[in-house]
>>> print(open('coords29.csv').read())   # CSV, C-alpha atoms and all ligand atoms
chain,number,residue,atom,x,y,z
A,1,MET,CA,15.3,23.3,27.9
A,2,ARG,CA,13.0,20.6,26.5
A,3,PRO,CA,10.0,22.8,25.6
A,4,LEU,CA,12.5,25.1,23.8
A,5,LEU,CA,13.9,22.2,21.8
A,6,LEU,CA,10.4,21.0,20.9
A,7,ALA,CA,9.5,24.5,19.7
A,8,ALA,CA,12.7,24.7,17.7
A,9,SER,CA,12.1,21.3,16.0
A,10,LEU,CA,8.5,22.3,15.2
A,11,LEU,CA,9.8,25.5,13.7
A,12,LEU,CA,12.3,23.6,11.6
A,13,ALA,CA,9.7,21.1,10.5
A,14,GLY,CA,7.5,24.0,9.5
A,15,CYS,CA,10.2,25.5,7.3
A,16,ASP,CA,9.5,23.0,4.5
A,17,PRO,CA,5.8,23.0,3.7
A,18,GLY,CA,6.5,20.3,1.0
A,19,ALA,CA,7.9,17.9,3.6
A,20,SER,CA,5.6,14.9,4.2
A,21,PRO,CA,7.5,12.4,6.4
A,22,LEU,CA,6.8,8.8,5.5
A,23,PRO,CA,4.8,6.8,8.1
A,24,THR,CA,7.3,5.4,10.6
A,25,ASP,CA,5.3,2.1,10.9
A,26,MET,CA,5.8,1.2,7.2
A,27,PRO,CA,9.0,0.2,5.4
A,28,ALA,CA,10.4,2.9,3.0
A,29,HIS,CA,10.4,1.7,-0.6
A,30,ASP,CA,14.0,0.9,-1.7
A,31,PRO,CA,14.3,0.6,-5.5
A,32,ALA,CA,17.8,-0.9,-5.2
A,33,ALA,CA,16.9,-3.8,-2.9
A,34,THR,CA,17.0,-7.3,-4.4
A,35,GLU,CA,15.5,-8.9,-1.3
A,36,VAL,CA,12.8,-7.9,1.1
A,37,THR,CA,11.5,-9.0,4.5
A,38,VAL,CA,7.8,-9.9,4.3
A,39,ARG,CA,5.2,-12.2,5.8
A,40,LEU,CA,3.8,-14.9,3.4
A,41,SER,CA,0.6,-16.9,3.5
A,42,ASP,CA,1.0,-19.9,5.8
A,43,GLY,CA,-1.5,-21.9,3.8
A,44,LYS,CA,-3.9,-22.0,6.8
A,45,GLY,CA,-5.4,-18.6,6.6
A,46,GLY,CA,-2.6,-16.9,8.5
A,47,LEU,CA,0.8,-15.4,7.9
A,48,THR,CA,4.3,-16.7,8.5
A,49,GLU,CA,6.9,-14.9,10.7
A,50,PRO,CA,8.8,-12.2,8.7
A,51,ARG,CA,11.2,-13.8,6.3
A,52,ARG,CA,13.8,-12.7,3.8
A,53,VAL,CA,12.7,-13.4,0.2
A,54,PRO,CA,13.8,-12.3,-3.3
A,55,LYS,CA,12.0,-9.4,-4.9
A,56,VAL,CA,9.7,-10.4,-7.8
A,57,VAL,CA,11.3,-8.8,-10.9
A,58,ARG,CA,9.8,-9.0,-14.4
A,59,THR,CA,10.2,-7.0,-17.6
A,60,ASP,CA,7.4,-4.8,-18.7
A,61,GLU,CA,6.6,-7.3,-21.5
A,62,GLN,CA,6.3,-10.1,-19.0
A,63,TRP,CA,4.1,-8.0,-16.6
A,64,ARG,CA,1.9,-6.9,-19.5
A,65,ALA,CA,1.4,-10.6,-20.6
A,66,GLN,CA,0.6,-11.6,-17.0
A,67,LEU,CA,-1.6,-8.7,-16.0
A,68,GLY,CA,-3.4,-7.5,-19.1
A,69,GLU,CA,-3.5,-3.8,-20.1
A,70,GLU,CA,-5.7,-2.3,-17.4
A,71,ARG,CA,-3.9,-4.0,-14.5
A,72,PHE,CA,-0.5,-3.2,-16.1
A,73,ARG,CA,-1.6,0.5,-16.4
A,74,ILE,CA,-2.3,0.7,-12.7
A,75,LEU,CA,0.2,-1.7,-11.0
A,76,ARG,CA,3.2,-1.1,-13.2
A,77,ALA,CA,2.6,2.4,-14.6
A,78,LYS,CA,1.1,4.0,-11.4
A,79,GLY,CA,-2.4,4.5,-12.9
A,80,THR,CA,-5.6,5.1,-11.0
A,81,GLU,CA,-9.0,3.5,-11.7
A,82,ARG,CA,-12.0,5.7,-11.8
A,83,PRO,CA,-13.8,6.1,-8.4
A,84,PHE,CA,-16.9,4.0,-7.6
A,85,CYS,CA,-16.0,1.6,-10.5
A,86,GLY,CA,-13.7,-0.9,-8.8
A,87,THR,CA,-15.0,-4.4,-8.4
A,88,LEU,CA,-13.8,-4.7,-4.8
A,89,LEU,CA,-15.2,-1.4,-3.5
A,90,ASP,CA,-18.4,-2.9,-2.1
A,91,ASN,CA,-17.0,-6.3,-1.3
A,92,LYS,CA,-18.1,-7.2,2.3
A,93,LYS,CA,-16.9,-10.8,2.4
A,94,SER,CA,-14.3,-12.0,4.9
A,95,GLY,CA,-10.9,-12.7,3.5
A,96,THR,CA,-7.6,-11.3,2.4
A,97,TYR,CA,-6.7,-9.0,-0.4
A,98,HIS,CA,-3.5,-10.1,-2.2
A,99,CYS,CA,-1.2,-8.3,-4.6
A,100,ALA,CA,-2.5,-8.9,-8.2
A,101,GLY,CA,1.1,-8.9,-9.4
A,102,CYS,CA,2.8,-11.4,-7.0
A,103,ASP,CA,0.1,-12.7,-4.7
A,104,LEU,CA,1.6,-11.3,-1.5
A,105,PRO,CA,-1.1,-10.9,1.2
A,106,LEU,CA,-1.6,-7.1,1.6
A,107,PHE,CA,-4.8,-6.2,3.4
A,108,SER,CA,-7.5,-8.0,5.5
A,109,SER,CA,-11.2,-7.5,5.3
A,110,ASP,CA,-11.0,-6.9,9.1
A,111,ALA,CA,-9.4,-3.5,8.3
A,112,LYS,CA,-11.7,-2.5,5.4
A,113,PHE,CA,-14.0,0.5,5.9
A,114,ASP,CA,-16.2,2.7,3.8
A,115,SER,CA,-14.3,5.9,3.2
A,116,GLY,CA,-16.9,7.4,0.8
A,117,THR,CA,-14.1,8.1,-1.7
A,118,GLY,CA,-15.1,5.5,-4.2
A,119,TRP,CA,-12.0,3.4,-3.7
A,120,PRO,CA,-11.5,0.4,-1.4
A,121,SER,CA,-10.0,1.7,1.8
A,122,PHE,CA,-8.2,0.0,4.8
A,123,PHE,CA,-7.0,1.4,8.1
A,124,GLN,CA,-3.9,-0.8,8.1
A,125,PRO,CA,-2.0,-3.5,6.0
A,126,VAL,CA,-2.4,-7.1,7.0
A,127,ALA,CA,1.4,-7.0,8.0
A,128,LYS,CA,3.4,-3.8,8.3
A,129,GLU,CA,6.3,-5.5,6.4
A,130,ASN,CA,4.2,-6.1,3.2
A,131,VAL,CA,3.3,-2.6,2.1
A,132,ALA,CA,6.1,-0.1,1.4
A,133,ALA,CA,5.8,3.7,1.3
A,134,LEU,CA,7.3,6.2,-1.1
A,135,LEU,CA,7.1,10.0,-1.3
A,136,ASP,CA,5.1,11.0,-4.4
A,137,ARG,CA,5.3,14.6,-5.7
A,138,SER,CA,3.4,13.9,-8.9
A,139,HIS,CA,0.4,15.9,-10.2
A,140,GLY,CA,1.3,19.0,-8.1
A,141,MET,CA,0.6,17.2,-4.8
A,142,VAL,CA,2.7,15.7,-2.0
A,143,ARG,CA,1.3,12.3,-1.2
A,144,ILE,CA,2.6,8.9,0.2
A,145,GLU,CA,2.4,6.2,-2.4
A,146,ILE,CA,1.9,2.6,-1.3
A,147,LEU,CA,3.5,-0.3,-3.1
A,148,CYS,CA,3.6,-4.1,-2.7
A,149,ALA,CA,6.9,-4.7,-0.9
A,150,ARG,CA,7.8,-7.8,-2.9
A,151,CYS,CA,7.1,-6.7,-6.5
A,152,ASP,CA,6.9,-2.9,-6.3
A,153,GLY,CA,3.4,-2.9,-7.7
A,154,HIS,CA,1.6,0.4,-7.3
A,155,LEU,CA,-1.3,0.0,-5.0
A,156,GLY,CA,-2.6,3.5,-4.3
A,157,HIS,CA,-1.8,6.1,-1.6
A,158,VAL,CA,-2.0,6.3,2.2
A,159,PHE,CA,-3.5,9.4,4.0
A,160,GLU,CA,-3.7,10.4,7.7
A,161,ASP,CA,-7.4,11.0,7.8
A,162,GLY,CA,-8.5,7.4,8.5
A,163,PRO,CA,-10.5,5.9,11.4
A,164,PRO,CA,-9.1,4.5,14.7
A,165,PRO,CA,-7.1,2.7,15.8
A,166,THR,CA,-4.4,3.9,13.2
A,167,GLY,CA,-5.8,7.1,11.7
A,168,GLN,CA,-4.6,5.8,8.4
A,169,ARG,CA,-6.6,5.6,5.2
A,170,HIS,CA,-5.0,3.2,2.6
A,171,CYS,CA,-6.7,4.1,-0.6
A,172,LEU,CA,-6.5,1.2,-3.1
A,173,ASN,CA,-7.2,0.4,-6.7
A,174,SER,CA,-9.3,-2.8,-7.0
A,175,GLU,CA,-7.3,-3.7,-10.0
A,176,SER,CA,-4.2,-3.9,-7.8
A,177,LEU,CA,-5.8,-6.5,-5.6
A,178,GLU,CA,-6.9,-10.2,-5.8
A,179,PHE,CA,-9.4,-11.1,-3.1
A,180,ARG,CA,-9.3,-14.5,-1.5
A,181,GLU,CA,-12.3,-15.4,0.6
A,182,ARG,CA,-11.9,-17.0,4.0
A,183,LYS,CA,-13.7,-20.2,4.2
B,1,ZN,ZN,3.3,-7.8,-5.4
>>> encode(input="coords29.csv", output="structure tokens", more="lines below")
Ligand SMILES: [Zn+2]
Amino acid sequence: MRPLLLAASLLLAGCDPGASPLPTDMPAHDPAATEVTVRLSDGKGGLTEPRRVPKVVRTDEQWRAQLGEERFRILRAKGTERPFCGTLLDNKKSGTYHCAGCDLPLFSSDAKFDSGTGWPSFFQPVAKENVAALLDRSHGMVRIEILCARCDGHLGHVFEDGPPPTGQRHCLNSESLEFRERK
């Protein structure tokens, strides 16, 4: 019975070639949420336990004033910086990459790798709570967009062709990130 069920579910899954299930180890982006569970910096180079915090919400005018035009275009209008141009692509220092919008810790240098794509790439977030996933059907493609869980800032996309141990490739815009070196 079990192999039959498996075959049937594979067949069903194959019925929609546009389906691209969100990664099960990442929170799904919820645009209606006013609070979110994330891990914050503990002030000692680590992270707190997951805690419930308010979402960071600002108007476009406030974001534009805070971020400047280029960061606003990427973080708030889902833009993409040109490959091999980002300031953090070749950064090899140890530290944490924070959200340029709300300062939430997002990725660690320990998970950074050279993907050859021209964008900073990581095989996992610093905490699974802090990066949310959203199905993106723009530009005639089906991709998984990644966003800062606390301010909904656009970070980039995640793909399933990354290295071990996760097999994920989180493809980031440098402009979405603020690097803080570990002393
Ligand atoms: Zn953020």
>>> closest_residue(input="coords29.csv", among="A:Val126, A:Ala132, A:Leu104, A:Ala111", to="ligand ZN 1 (chain B)", atoms="all atoms listed in the file")
A:Leu104
>>> residues_around(input="coords29.csv", residues="A:Gly153", least_positions_apart="6", cutoff="7 Å", atoms="all atoms listed in the file", output="VMD selection string")
chain A and resid 75 to 76 101 147
>>> residues_near_ligand(input="coords29.csv", ligand="ligand ZN 1 (chain B)", cutoff="10 Å", atoms="only C-alpha atoms and all ligand atoms", output="MDAnalysis selection string")
chainID A and resid 55:57 75 98:106 130:131 147:155 176:177
>>> residues_around(input="coords29.csv", residues="A:Ile144", least_positions_apart="6", cutoff="10 Å", atoms="all atoms listed in the file", output="PyMOL selection string")
chain A and resi 20-23+132-137+156-160+170
>>> atom_distance(input="coords29.csv", atom1="atom CA of A:Ser138", atom2="atom CA of A:Gly167")
23.6 Å
>>> closest_residue(input="coords29.csv", among="A:Arg169, A:Lys93, A:Lys78, A:Lys128", to="A:Gly116", atoms="all atoms listed in the file")
A:Arg169
>>> atom_distance(input="coords29.csv", atom1="atom CA of A:Leu88", atom2="atom CA of A:Ser115")
13.3 Å
>>> atom_distance(input="coords29.csv", atom1="atom CA of A:Ser41", atom2="atom CA of A:Thr80")
27.1 Å
>>> residues_around(input="coords29.csv", residues="A:Gly45", least_positions_apart="6", cutoff="9 Å", atoms="all atoms listed in the file", output="PDB file with C-alpha atoms, keeping the file's coordinate frame")
ATOM      1  CA  GLY A  95     -10.900 -12.700   3.500  1.00  0.00           C
ATOM      2  CA  THR A  96      -7.600 -11.300   2.400  1.00  0.00           C
ATOM      3  CA  ARG A 182     -11.900 -17.000   4.000  1.00  0.00           C
ATOM      4  CA  LYS A 183     -13.700 -20.200   4.200  1.00  0.00           C
TER       5      LYS A 183
END
>>> residues_around(input="coords29.csv", residues="A:Phe113", least_positions_apart="6", cutoff="10 Å", atoms="all atoms listed in the file", output="number ranges by chain")
A: 89-90, 92, 120-123, 162-163, 169-170
>>> closest_residue(input="coords29.csv", among="A:Ala65, A:Leu172, A:Ala127, A:Met26", to="A:Arg39", atoms="only C-alpha atoms")
A:Ala127
>>> build_atoms(input="coords29.csv", residues="stretch 44-67 of chain A", atoms="N, CA and C atoms", output="CSV table (one decimal), in the coordinates of the input")
chain,number,residue,atom,x,y,z
A,44,LYS,N,-2.8,-21.7,5.9
A,44,LYS,CA,-3.9,-22.0,6.8
A,44,LYS,C,-4.7,-20.8,7.2
A,45,GLY,N,-4.6,-19.8,6.3
A,45,GLY,CA,-5.4,-18.6,6.6
A,45,GLY,C,-4.7,-17.5,7.4
A,46,GLY,N,-3.4,-17.8,7.8
A,46,GLY,CA,-2.6,-16.9,8.5
A,46,GLY,C,-1.4,-16.5,7.8
A,47,LEU,N,-0.4,-15.9,8.5
A,47,LEU,CA,0.8,-15.4,7.9
A,47,LEU,C,2.0,-16.1,8.6
A,48,THR,N,3.1,-16.2,7.9
A,48,THR,CA,4.3,-16.7,8.5
A,48,THR,C,5.0,-15.6,9.3
A,49,GLU,N,6.0,-15.9,10.0
A,49,GLU,CA,6.9,-14.9,10.7
A,49,GLU,C,7.6,-14.2,9.5
A,50,PRO,N,8.0,-12.9,9.8
A,50,PRO,CA,8.8,-12.2,8.7
A,50,PRO,C,10.0,-13.0,8.2
A,51,ARG,N,10.1,-13.1,6.9
A,51,ARG,CA,11.2,-13.8,6.3
A,51,ARG,C,11.8,-13.1,5.1
A,52,ARG,N,13.1,-13.3,4.9
A,52,ARG,CA,13.8,-12.7,3.8
A,52,ARG,C,13.5,-13.4,2.5
A,53,VAL,N,13.0,-12.7,1.5
A,53,VAL,CA,12.7,-13.4,0.2
A,53,VAL,C,13.2,-12.5,-1.0
A,54,PRO,N,13.4,-13.1,-2.1
A,54,PRO,CA,13.8,-12.3,-3.3
A,54,PRO,C,12.7,-11.4,-3.7
A,55,LYS,N,13.0,-10.2,-4.2
A,55,LYS,CA,12.0,-9.4,-4.9
A,55,LYS,C,11.5,-10.1,-6.1
A,56,VAL,N,10.2,-9.9,-6.5
A,56,VAL,CA,9.7,-10.4,-7.8
A,56,VAL,C,10.0,-9.3,-8.8
A,57,VAL,N,10.8,-9.7,-9.8
A,57,VAL,CA,11.3,-8.8,-10.9
A,57,VAL,C,10.9,-9.4,-12.2
A,58,ARG,N,10.2,-8.6,-13.0
A,58,ARG,CA,9.8,-9.0,-14.4
A,58,ARG,C,10.0,-7.8,-15.3
A,59,THR,N,10.1,-8.1,-16.6
A,59,THR,CA,10.2,-7.0,-17.6
A,59,THR,C,8.8,-6.5,-17.8
A,60,ASP,N,8.7,-5.3,-18.4
A,60,ASP,CA,7.4,-4.8,-18.7
A,60,ASP,C,6.6,-5.7,-19.6
A,61,GLU,N,7.3,-6.4,-20.6
A,61,GLU,CA,6.6,-7.3,-21.5
A,61,GLU,C,6.0,-8.5,-20.7
A,62,GLN,N,6.8,-9.0,-19.8
A,62,GLN,CA,6.3,-10.1,-19.0
A,62,GLN,C,5.1,-9.7,-18.1
A,63,TRP,N,5.2,-8.5,-17.5
A,63,TRP,CA,4.1,-8.0,-16.6
A,63,TRP,C,2.9,-7.8,-17.5
A,64,ARG,N,3.0,-7.2,-18.7
A,64,ARG,CA,1.9,-6.9,-19.5
A,64,ARG,C,1.2,-8.2,-19.9
A,65,ALA,N,2.0,-9.3,-20.2
A,65,ALA,CA,1.4,-10.6,-20.6
A,65,ALA,C,0.7,-11.2,-19.4
A,66,GLN,N,1.2,-11.0,-18.2
A,66,GLN,CA,0.6,-11.6,-17.0
A,66,GLN,C,-0.7,-10.9,-16.6
A,67,LEU,N,-0.6,-9.5,-16.6
A,67,LEU,CA,-1.6,-8.7,-16.0
A,67,LEU,C,-2.7,-8.3,-16.9
